[in-house]
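Trainee: Dropping in start_9.pdb, which is PDB, C-alpha atoms:
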ATOM      1  CA  ASP W 645     -21.366 238.748 -28.735
ATOM      2  CA  ASP W 646     -24.374 240.166 -30.620
ATOM      3  CA  GLY W 647     -22.511 240.635 -33.906
ATOM      4  CA  PHE W 648     -22.227 244.411 -33.475
ATOM      5  CA  VAL W 649     -18.996 246.154 -34.378
ATOM      6  CA  ALA W 650     -16.384 245.935 -31.613
ATOM      7  CA  ASN W 651     -15.678 249.667 -31.588
ATOM      8  CA  ASN W 652     -17.587 252.543 -30.025
ATOM      9  CA  SER W 653     -16.360 255.158 -32.505
ATOM     10  CA  ILE W 654     -19.466 255.435 -34.712
ATOM     11  CA  ARG W 655     -19.157 257.657 -37.798
ATOM     12  CA  ALA W 656     -22.331 256.905 -39.757
ATOM     13  CA  VAL W 657     -25.865 255.656 -39.120
ATOM     14  CA  PHE W 658     -28.590 255.044 -41.699
ATOM     15  CA  ALA W 659     -32.015 253.412 -41.487
ATOM     16  CA  ASP W 660     -34.238 252.096 -44.282
ATOM     17  CA  GLY W 661     -37.323 250.397 -42.902
ATOM     18  CA  ASN W 662     -36.192 247.671 -40.496
ATOM     19  CA  ASN W 663     -32.702 247.696 -41.995
ATOM     20  CA  LEU W 664     -30.088 249.546 -39.940
ATOM     21  CA  TYR W 665     -26.533 250.344 -41.016
ATOM     22  CA  VAL W 666     -23.872 251.515 -38.569
ATOM     23  CA  GLY W 667     -20.414 252.517 -39.771
ATOM     24  CA  ALA W 668     -17.474 252.615 -37.375
ATOM     25  CA  ASP W 669     -13.692 252.858 -37.395
ATOM     26  CA  VAL W 670     -13.385 249.106 -37.878
ATOM     27  CA  GLY W 671     -16.308 248.002 -39.995
ATOM     28  CA  LEU W 672     -19.960 248.136 -41.004
ATOM     29  CA  SER W 673     -22.678 246.570 -38.835
ATOM     30  CA  ILE W 674     -25.973 245.606 -40.492
ATOM     31  CA  SER W 675     -29.254 244.701 -38.810
ATOM     32  CA  LYS W 676     -32.264 243.514 -40.785
ATOM     33  CA  ASP W 677     -34.589 243.268 -37.784
ATOM     34  CA  ASN W 678     -34.510 246.824 -36.425
ATOM     35  CA  GLY W 679     -31.457 246.287 -34.242
ATOM     36  CA  VAL W 680     -32.245 242.951 -32.591
ATOM     37  CA  SER W 681     -29.376 241.107 -34.277
ATOM     38  CA  TRP W 682     -26.332 242.271 -36.219
ATOM     39  CA  VAL W 683     -23.734 241.140 -38.741
ATOM     40  CA  THR W 684     -20.475 243.066 -39.043
ATOM     41  CA  LEU W 685     -18.213 243.327 -42.087
ATOM     42  CA  GLY W 686     -14.487 243.959 -41.763
ATOM     43  CA  ASP W 687     -11.573 244.504 -44.137
ATOM     44  CA  GLY W 688     -12.182 242.821 -47.504
ATOM     45  CA  GLU W 689     -15.063 240.588 -46.406
ATOM     46  CA  ASN W 690     -17.341 239.529 -49.284
ATOM     47  CA  GLY W 691     -15.830 242.194 -51.522
ATOM     48  CA  PHE W 692     -16.116 244.980 -48.923
ATOM     49  CA  SER W 693     -13.467 247.703 -48.721
ATOM     50  CA  GLN W 694      -9.940 246.597 -47.829
ATOM     51  CA  LYS W 695      -9.911 249.390 -45.242
ATOM     52  CA  SER W 696     -13.152 249.118 -43.309
ATOM     53  CA  GLU W 697     -13.080 252.563 -41.684
ATOM     54  CA  VAL W 698     -16.575 253.759 -42.632
ATOM     55  CA  TYR W 699     -17.416 257.439 -43.099
ATOM     56  CA  SER W 700     -20.863 257.370 -44.707
ATOM     57  CA  VAL W 701     -23.771 255.078 -45.578
ATOM     58  CA  TYR W 702     -26.798 255.402 -47.833
ATOM     59  CA  ALA W 703     -29.325 252.665 -48.604
ATOM     60  CA  LYS W 704     -32.505 252.232 -50.610
ATOM     61  CA  GLY W 705     -34.084 248.808 -50.653
ATOM     62  CA  ALA W 706     -31.482 246.182 -51.531
ATOM     63  CA  LYS W 707     -28.962 248.790 -52.711
ATOM     64  CA  VAL W 708     -26.406 249.871 -50.112
ATOM     65  CA  TYR W 709     -23.640 252.434 -50.651
ATOM     66  CA  VAL W 710     -20.786 252.832 -48.178
ATOM     67  CA  GLY W 711     -18.029 255.430 -48.232
ATOM     68  CA  THR W 712     -14.807 254.177 -46.637
ATOM     69  CA  GLU W 713     -11.157 255.097 -46.218
ATOM     70  CA  ALA W 714     -10.386 252.955 -49.267
ATOM     71  CA  GLY W 715     -13.135 253.771 -51.745
ATOM     72  CA  ILE W 716     -16.848 253.198 -52.157
ATOM     73  CA  SER W 717     -18.401 249.777 -51.547
ATOM     74  CA  ILE W 718     -21.750 248.999 -53.193
ATOM     75  CA  SER W 719     -24.074 246.086 -52.514
ATOM     76  CA  SER W 720     -27.100 245.105 -54.598
ATOM     77  CA  ASP W 721     -28.357 242.414 -52.220
ATOM     78  CA  GLY W 722     -28.776 244.178 -48.908
ATOM     79  CA  GLY W 723     -25.170 243.901 -47.819
ATOM     80  CA  ASN W 724     -24.367 240.245 -48.420
ATOM     81  CA  ASN W 725     -21.966 240.815 -51.308
ATOM     82  CA  TRP W 726     -20.046 243.916 -52.360
ATOM     83  CA  THR W 727     -18.189 245.575 -55.192
ATOM     84  CA  THR W 728     -15.582 248.130 -54.153
ATOM     85  CA  THR W 729     -14.183 250.918 -56.316
ATOM     86  CA  THR W 730     -11.063 252.691 -55.132
ATOM     87  CA  LEU W 731      -8.728 255.382 -56.422
ATOM     88  CA  LYS W 732      -8.411 255.787 -60.206
ATOM     89  CA  GLN W 733     -10.579 252.750 -60.985
ATOM     90  CA  ASN W 734     -13.062 253.268 -63.836
ATOM     91  CA  GLY W 735     -12.741 257.046 -63.664
ATOM     92  CA  PHE W 736     -12.997 257.286 -59.871
ATOM     93  CA  ALA W 737     -11.166 260.059 -57.993
ATOM     94  CA  ILE W 738      -7.447 259.805 -57.286
ATOM     95  CA  SER W 739      -8.360 259.975 -53.597
ATOM     96  CA  SER W 740      -9.938 256.836 -52.191
ATOM     97  CA  SER W 741     -11.282 258.451 -49.007
ATOM     98  CA  VAL W 742     -15.071 258.831 -49.420
ATOM     99  CA  LYS W 743     -16.529 261.138 -46.771
ATOM    100  CA  SER W 744     -20.113 261.203 -48.060
ATOM    101  CA  VAL W 745     -22.233 259.195 -50.486
ATOM    102  CA  TYR W 746     -25.697 259.652 -51.961
ATOM    103  CA  ALA W 747     -27.692 257.917 -54.695
ATOM    104  CA  ILE W 748     -30.837 258.373 -56.765
ATOM    105  CA  GLY W 749     -31.606 255.363 -58.928
ATOM    106  CA  ASP W 750     -28.487 254.567 -60.965
ATOM    107  CA  LYS W 751     -26.909 257.936 -60.181
ATOM    108  CA  VAL W 752     -24.321 257.700 -57.401
ATOM    109  CA  TYR W 753     -22.390 260.593 -55.874
ATOM    110  CA  ALA W 754     -19.188 260.127 -53.855
ATOM    111  CA  ALA W 755     -17.524 263.022 -52.018
ATOM    112  CA  THR W 756     -13.771 262.427 -51.923
ATOM    113  CA  GLY W 757     -10.576 264.148 -50.841
ATOM    114  CA  LEU W 758      -9.911 265.115 -54.449
ATOM    115  CA  GLY W 759     -13.210 265.927 -56.093
ATOM    116  CA  LEU W 760     -16.751 264.668 -56.517
ATOM    117  CA  SER W 761     -17.069 261.342 -58.328
ATOM    118  CA  ILE W 762     -20.361 260.787 -60.183
ATOM    119  CA  SER W 763     -21.669 257.546 -61.666
ATOM    120  CA  THR W 764     -24.740 257.280 -63.888
ATOM    121  CA  ASP W 765     -24.681 253.483 -64.141
ATOM    122  CA  GLY W 766     -24.914 252.365 -60.536
ATOM    123  CA  GLY W 767     -21.197 252.624 -59.809
ATOM    124  CA  ALA W 768     -19.774 250.706 -62.780
ATOM    125  CA  THR W 769     -18.055 253.776 -64.265
ATOM    126  CA  TRP W 770     -17.320 257.236 -62.908
ATOM    127  CA  LYS W 771     -16.604 260.824 -63.853
ATOM    128  CA  THR W 772     -14.786 263.003 -61.335
ATOM    129  CA  ILE W 773     -15.366 266.757 -61.038
ATOM    130  CA  THR W 774     -12.363 268.767 -59.840
ATOM    131  CA  SER W 775     -10.743 272.222 -59.876
ATOM    132  CA  SER W 776     -12.005 275.771 -59.566
ATOM    133  CA  THR W 777     -12.686 275.919 -63.326
ATOM    134  CA  ASN W 778     -15.662 273.651 -62.728
ATOM    135  CA  GLY W 779     -17.085 275.692 -59.879
ATOM    136  CA  PHE W 780     -15.216 273.894 -57.122
ATOM    137  CA  GLY W 781     -12.690 275.279 -54.673
ATOM    138  CA  ILE W 782      -9.003 275.049 -55.496
ATOM    139  CA  GLN W 783      -8.444 272.356 -52.861
ATOM    140  CA  ASN W 784     -11.001 269.953 -54.415
ATOM    141  CA  ILE W 785     -11.784 268.530 -50.974
ATOM    142  CA  ILE W 786     -15.455 267.466 -50.800
ATOM    143  CA  TYR W 787     -16.881 266.465 -47.426
ATOM    144  CA  SER W 788     -20.599 266.175 -48.148
ATOM    145  CA  VAL W 789     -23.021 265.685 -51.023
ATOM    146  CA  TYR W 790     -26.783 265.698 -51.517
ATOM    147  CA  ALA W 791     -28.883 265.435 -54.672
ATOM    148  CA  ASP W 792     -32.485 266.133 -55.630
ATOM    149  CA  GLU W 793     -33.144 264.998 -59.209
ATOM    150  CA  ASN W 794     -30.729 267.092 -61.336
ATOM    151  CA  LYS W 795     -29.810 269.437 -58.498
ATOM    152  CA  ILE W 796     -26.588 268.451 -56.753
ATOM    153  CA  TYR W 797     -25.143 270.139 -53.672
ATOM    154  CA  ALA W 798     -21.476 269.545 -52.814
ATOM    155  CA  GLY W 799     -19.994 270.843 -49.565
ATOM    156  CA  GLY W 800     -16.246 271.166 -49.431
ATOM    157  CA  ALA W 801     -13.308 272.777 -47.682
ATOM    158  CA  GLU W 802     -14.074 276.135 -49.270
ATOM    159  CA  GLY W 803     -17.850 276.311 -49.418
ATOM    160  CA  ILE W 804     -20.886 274.994 -51.294
ATOM    161  CA  SER W 805     -20.966 274.220 -55.001
ATOM    162  CA  VAL W 806     -24.306 273.691 -56.759
ATOM    163  CA  SER W 807     -25.144 272.052 -60.069
ATOM    164  CA  LEU W 808     -28.592 272.406 -61.639
ATOM    165  CA  ASP W 809     -27.924 270.082 -64.575
ATOM    166  CA  GLY W 810     -26.908 266.781 -63.023
ATOM    167  CA  GLY W 811     -23.263 267.681 -62.522
ATOM    168  CA  THR W 812     -22.344 269.048 -65.959
ATOM    169  CA  THR W 813     -21.793 272.618 -64.786
ATOM    170  CA  TRP W 814     -21.251 274.028 -61.302
ATOM    171  CA  GLU W 815     -21.365 277.334 -59.461
ATOM    172  CA  MET W 816     -19.793 278.158 -56.114
ATOM    173  CA  LYS W 817     -22.738 279.535 -54.114
ATOM    174  CA  TYR W 818     -21.245 280.013 -50.662
ATOM    175  CA  THR W 819     -17.685 280.613 -49.458
ATOM    176  CA  GLY W 820     -18.086 281.545 -45.797
ATOM    177  CA  ILE W 821     -19.049 284.534 -43.709
ATOM    178  CA  GLU W 822     -17.192 287.810 -44.057
ATOM    179  CA  GLY W 823     -15.032 288.558 -41.029
ATOM    180  CA  VAL W 824     -15.174 285.020 -39.630
ATOM    181  CA  SER W 825     -12.053 282.847 -39.757
ATOM    182  CA  SER W 826     -12.236 279.928 -42.191
ATOM    183  CA  ASN W 827      -9.469 277.791 -40.671
ATOM    184  CA  PRO W 828     -11.631 275.897 -39.904
ATOM    185  CA  GLY W 829     -14.844 277.852 -39.917
ATOM    186  CA  PRO W 830     -18.037 278.509 -41.810
ATOM    187  CA  SER W 831     -16.546 277.735 -45.228
ATOM    188  CA  VAL W 832     -15.872 274.073 -44.334
ATOM    189  CA  ILE W 833     -19.086 272.168 -45.089
ATOM    190  CA  ASN W 834     -19.220 268.916 -43.110
ATOM    191  CA  SER W 835     -22.819 268.063 -43.986
ATOM    192  CA  ILE W 836     -25.450 269.333 -46.399
ATOM    193  CA  TYR W 837     -29.155 268.858 -47.121
ATOM    194  CA  ALA W 838     -31.667 270.611 -49.353
ATOM    195  CA  ASP W 839     -35.458 270.795 -49.519
ATOM    196  CA  GLY W 840     -36.749 272.820 -52.431
ATOM    197  CA  VAL W 841     -35.012 276.201 -52.358
ATOM    198  CA  ASN W 842     -33.897 275.688 -48.752
ATOM    199  CA  ILE W 843     -30.296 274.565 -48.213
ATOM    200  CA  TYR W 844     -28.911 273.542 -44.820
ATOM    201  CA  ALA W 845     -25.183 273.149 -44.207
ATOM    202  CA  GLY W 846     -23.284 272.066 -41.104
ATOM    203  CA  THR W 847     -19.969 273.884 -40.582
ATOM    204  CA  TYR W 848     -17.323 274.283 -37.885
ATOM    205  CA  ALA W 849     -18.976 277.605 -37.008
ATOM    206  CA  GLY W 850     -22.588 276.437 -36.783
ATOM    207  CA  ILE W 851     -25.382 275.807 -39.273
ATOM    208  CA  VAL W 852     -25.712 277.883 -42.438
ATOM    209  CA  ILE W 853     -29.155 278.207 -44.052
ATOM    210  CA  SER W 854     -30.182 279.549 -47.444
ATOM    211  CA  LYS W 855     -33.857 280.046 -48.282
ATOM    212  CA  ASP W 856     -33.333 281.051 -51.891
ATOM    213  CA  GLY W 857     -31.359 278.175 -53.403
ATOM    214  CA  GLY W 858     -27.993 279.563 -52.386
TER
END
Render the structure in this file as structure tokens.
Mentor:
Amino acid sequence: DDGFVANNSIRAVFADGNNLYVGADVGLSISKDNGVSWVTLGDGENGFSQKSEVYSVYAKGAKVYVGTEAGISISSDGGNNWTTTTLKQNGFAISSSVKSVYAIGDKVYAATGLGLSISTDGGATWKTITSSTNGFGIQNIIYSVYADENKIYAGGAEGISVSLDGGTTWEMKYTGIEGVSSNPGPSVINSIYADGVNIYAGTYAGIVISKDGG
């Protein structure tokens, strides 16, 4: 037993220096020596999520952010101890399933089944963006999120929403390809990344690329 998670269904992998984080259906495995040895967290261990099905991981130094079936778990000491926020807590979404997570400094973004939850204080409090009136699709299902300073890109069940002011206002920039079925198809954004004006999105119908900011 090398301490690695006892499940081969791996949903998320992230590396930060020699620190490796592997999320699976039954927990989060952490290595601090580039994969030589591992420690695995399960349901509720050291403050970790009560449901340890892991969908996403992001880490920067000692800060680790993990999206799970039961909320977002955040560690400030490299994964030894955790604080978990779940549905409706401190302004968090009313869906606790976090499919994607990203962070820049104290700003944390959590893509949930009912909106995008944003924290500006490291995860202590949250504001959740929902509904088509805010530039999101009617379903409010967000699968992926990426941020670059004040630019935020949210990929959902109905396309890509972009904010240029840190999440205050949003515009739906992409809703699929005309003539191609969207059930599921190119409007469902499973993953998203941006580099300058270039936006890359993974869909059920291939990769979608914008070279002009959407």
Trainee: Using the chain letters and numbering of this document, enumerate as a PyMOL selection string the residues selected by the PyMOL selection byres ((chain W and resi 713-727) around 6).
Mentor: chain W and resi 690-692+695+697+706-712+728-730+740-742
Trainee: For Lys704 in chain W, which residue among W:Leu685, W:Ile782, W:Val752, W:Ile654 is the nearest when counting all atoms listed in the file?
Mentor: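 Using all atoms listed in the file, the shortest distance to Lys704 in chain W belongs to W:Val752.
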Trainee: Report as JSON, numbers by chain the full result of the PyMOL selection byres ((chain W and resi 650) around 12) when it is applied to this structure.
Mentor: {"W": [645, 646, 647, 648, 649, 651, 652, 653, 654, 666, 667, 668, 669, 670, 671, 672, 673, 682, 683, 684, 685, 686]}
Trainee: In the coordinates of the file, take the point (-24.7, 264.9, -53.4) and a cut-off of 12 Å; then, counting only C-alpha atoms, name each qualifying protein, DNA or RNA residue as a VMD selection string.
Mentor: chain W and resid 702 743 to 748 751 to 756 759 to 763 786 to 800 804 to 808 810 to 811 835 to 838
Trainee: Just give me the gap between CA of Ala845 in chain W and CA of Lys817 in chain W in Å, one decimal is fine.
Mentor: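 Computing it gives 12.0 Å between the two atoms.
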Trainee: Show me, as AutoDock Vina command-line options, the centre and edge lengths in Å to one decimal of the axis-aligned box that covers every listed atom of range 758-761 of chain W with 4 Å on each side.
Mentor:
--center_x -13.5 --center_y 263.6 --center_z -56.4 --size_x 15.2 --size_y 12.6 --size_z 11.9
Trainee: Dump as a PyMOL selection string all residues having an atom at most 7 Å from (-29.4, 277.9, -51.7), computed in the file's coordinates with only C-alpha atoms.
Mentor: chain W and resi 841-843+854-858
Trainee: One number please: CA of Thr819 in chain W to CA of Thr764 in chain W, in Å, one decimal.
Mentor: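 Computing it gives 28.3 Å between the two atoms.
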Trainee: State, in Å with one decimal place, the distance from CA of Asn778 in chain W to CA of Thr812 in chain W.
Mentor: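 Interatomic distance, CA of Asn778 in chain W to CA of Thr812 in chain W: 8.7 Å.
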Trainee: List the residues matched by the PyMOL selection byres ((chain W and resi 659) around 12) in the displayed structure as number ranges by chain, ordered by chain and then by residue number.
Mentor: W: 656-658, 660-667, 673-679, 701-705, 708
Trainee: Nearest to Thr772 in chain W among W:Ala737, W:Glu802, W:Arg655, W:Thr813, with distances taken over only C-alpha atoms: which residue is it?
Mentor: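 Using only C-alpha atoms, Thr772 in chain W sits closest to W:Ala737.
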Trainee: Kindly indicate which residue among W:Val698, W:Val832, W:Val852, W:Ile738 lies nearest to Lys771 in chain W, using all atoms listed in the file for the distances.
Mentor: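 So, comparing all the options, the nearest one is W:Ile738.
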Trainee: For Phe736 in chain W, which residue among W:Asn784, W:Thr774, W:Thr769, W:Ser831 is the nearest when counting all atoms listed in the file?
Mentor: W:Thr769
Trainee: Using the structure block above, produce a file of range 787-811 of chain W that contains N, CA and C atoms, as a PDB file, in the first residue's frame.
Mentor:
ATOM      1  N   TYR W 787     -19.812  24.217 -15.783  1.00  0.00           N
ATOM      2  CA  TYR W 787     -18.916  23.067 -15.742  1.00  0.00           C
ATOM      3  C   TYR W 787     -17.446  23.457 -15.608  1.00  0.00           C
ATOM      4  N   SER W 788     -17.087  24.653 -16.037  1.00  0.00           N
ATOM      5  CA  SER W 788     -15.672  25.015 -16.073  1.00  0.00           C
ATOM      6  C   SER W 788     -15.496  26.511 -15.854  1.00  0.00           C
ATOM      7  N   VAL W 789     -14.350  26.876 -15.289  1.00  0.00           N
ATOM      8  CA  VAL W 789     -14.078  28.297 -15.041  1.00  0.00           C
ATOM      9  C   VAL W 789     -12.578  28.549 -15.141  1.00  0.00           C
ATOM     10  N   TYR W 790     -12.233  29.718 -15.683  1.00  0.00           N
ATOM     11  CA  TYR W 790     -10.844  30.154 -15.743  1.00  0.00           C
ATOM     12  C   TYR W 790     -10.830  31.667 -15.577  1.00  0.00           C
ATOM     13  N   ALA W 791      -9.787  32.183 -14.942  1.00  0.00           N
ATOM     14  CA  ALA W 791      -9.693  33.627 -14.722  1.00  0.00           C
ATOM     15  C   ALA W 791      -8.288  34.120 -15.027  1.00  0.00           C
ATOM     16  N   ASP W 792      -8.233  35.354 -15.526  1.00  0.00           N
ATOM     17  CA  ASP W 792      -6.972  36.037 -15.799  1.00  0.00           C
ATOM     18  C   ASP W 792      -7.151  37.483 -15.350  1.00  0.00           C
ATOM     19  N   GLU W 793      -6.665  37.776 -14.127  1.00  0.00           N
ATOM     20  CA  GLU W 793      -6.907  39.073 -13.494  1.00  0.00           C
ATOM     21  C   GLU W 793      -8.420  39.306 -13.396  1.00  0.00           C
ATOM     22  N   ASN W 794      -8.946  40.367 -14.000  1.00  0.00           N
ATOM     23  CA  ASN W 794     -10.380  40.656 -13.900  1.00  0.00           C
ATOM     24  C   ASN W 794     -11.217  39.981 -14.972  1.00  0.00           C
ATOM     25  N   LYS W 795     -10.576  39.268 -15.889  1.00  0.00           N
ATOM     26  CA  LYS W 795     -11.310  38.539 -16.907  1.00  0.00           C
ATOM     27  C   LYS W 795     -11.655  37.142 -16.398  1.00  0.00           C
ATOM     28  N   ILE W 796     -12.934  36.808 -16.443  1.00  0.00           N
ATOM     29  CA  ILE W 796     -13.382  35.496 -15.986  1.00  0.00           C
ATOM     30  C   ILE W 796     -14.148  34.820 -17.121  1.00  0.00           C
ATOM     31  N   TYR W 797     -13.838  33.547 -17.349  1.00  0.00           N
ATOM     32  CA  TYR W 797     -14.481  32.767 -18.390  1.00  0.00           C
ATOM     33  C   TYR W 797     -15.206  31.590 -17.737  1.00  0.00           C
ATOM     34  N   ALA W 798     -16.517  31.517 -17.943  1.00  0.00           N
ATOM     35  CA  ALA W 798     -17.324  30.451 -17.347  1.00  0.00           C
ATOM     36  C   ALA W 798     -17.972  29.631 -18.450  1.00  0.00           C
ATOM     37  N   GLY W 799     -17.681  28.334 -18.481  1.00  0.00           N
ATOM     38  CA  GLY W 799     -18.272  27.443 -19.466  1.00  0.00           C
ATOM     39  C   GLY W 799     -19.392  26.647 -18.845  1.00  0.00           C
ATOM     40  N   GLY W 800     -20.552  26.677 -19.490  1.00  0.00           N
ATOM     41  CA  GLY W 800     -21.708  26.007 -18.917  1.00  0.00           C
ATOM     42  C   GLY W 800     -22.419  25.086 -19.879  1.00  0.00           C
ATOM     43  N   ALA W 801     -23.660  24.760 -19.546  1.00  0.00           N
ATOM     44  CA  ALA W 801     -24.463  23.857 -20.355  1.00  0.00           C
ATOM     45  C   ALA W 801     -24.960  24.509 -21.629  1.00  0.00           C
ATOM     46  N   GLU W 802     -24.863  25.850 -21.688  1.00  0.00           N
ATOM     47  CA  GLU W 802     -25.406  26.555 -22.849  1.00  0.00           C
ATOM     48  C   GLU W 802     -24.399  27.458 -23.537  1.00  0.00           C
ATOM     49  N   GLY W 803     -23.128  27.356 -23.164  1.00  0.00           N
ATOM     50  CA  GLY W 803     -22.129  28.164 -23.838  1.00  0.00           C
ATOM     51  C   GLY W 803     -21.103  28.777 -22.907  1.00  0.00           C
ATOM     52  N   ILE W 804     -20.489  29.877 -23.372  1.00  0.00           N
ATOM     53  CA  ILE W 804     -19.426  30.551 -22.632  1.00  0.00           C
ATOM     54  C   ILE W 804     -19.873  31.950 -22.241  1.00  0.00           C
ATOM     55  N   SER W 805     -19.770  32.250 -20.953  1.00  0.00           N
ATOM     56  CA  SER W 805     -20.042  33.590 -20.455  1.00  0.00           C
ATOM     57  C   SER W 805     -18.729  34.232 -20.042  1.00  0.00           C
ATOM     58  N   VAL W 806     -18.570  35.529 -20.351  1.00  0.00           N
ATOM     59  CA  VAL W 806     -17.320  36.229 -20.063  1.00  0.00           C
ATOM     60  C   VAL W 806     -17.601  37.495 -19.262  1.00  0.00           C
ATOM     61  N   SER W 807     -16.798  37.706 -18.230  1.00  0.00           N
ATOM     62  CA  SER W 807     -16.841  38.944 -17.465  1.00  0.00           C
ATOM     63  C   SER W 807     -15.494  39.642 -17.598  1.00  0.00           C
ATOM     64  N   LEU W 808     -15.518  40.946 -17.833  1.00  0.00           N
ATOM     65  CA  LEU W 808     -14.293  41.728 -17.954  1.00  0.00           C
ATOM     66  C   LEU W 808     -14.044  42.602 -16.737  1.00  0.00           C
ATOM     67  N   ASP W 809     -14.925  42.476 -15.727  1.00  0.00           N
ATOM     68  CA  ASP W 809     -14.818  43.338 -14.548  1.00  0.00           C
ATOM     69  C   ASP W 809     -14.852  42.548 -13.240  1.00  0.00           C
ATOM     70  N   GLY W 810     -14.244  41.375 -13.259  1.00  0.00           N
ATOM     71  CA  GLY W 810     -14.129  40.595 -12.031  1.00  0.00           C
ATOM     72  C   GLY W 810     -15.384  39.882 -11.607  1.00  0.00           C
ATOM     73  N   GLY W 811     -16.373  39.797 -12.483  1.00  0.00           N
ATOM     74  CA  GLY W 811     -17.585  39.053 -12.165  1.00  0.00           C
ATOM     75  C   GLY W 811     -18.798  39.907 -11.887  1.00  0.00           C
TER      76      GLY W 811
END
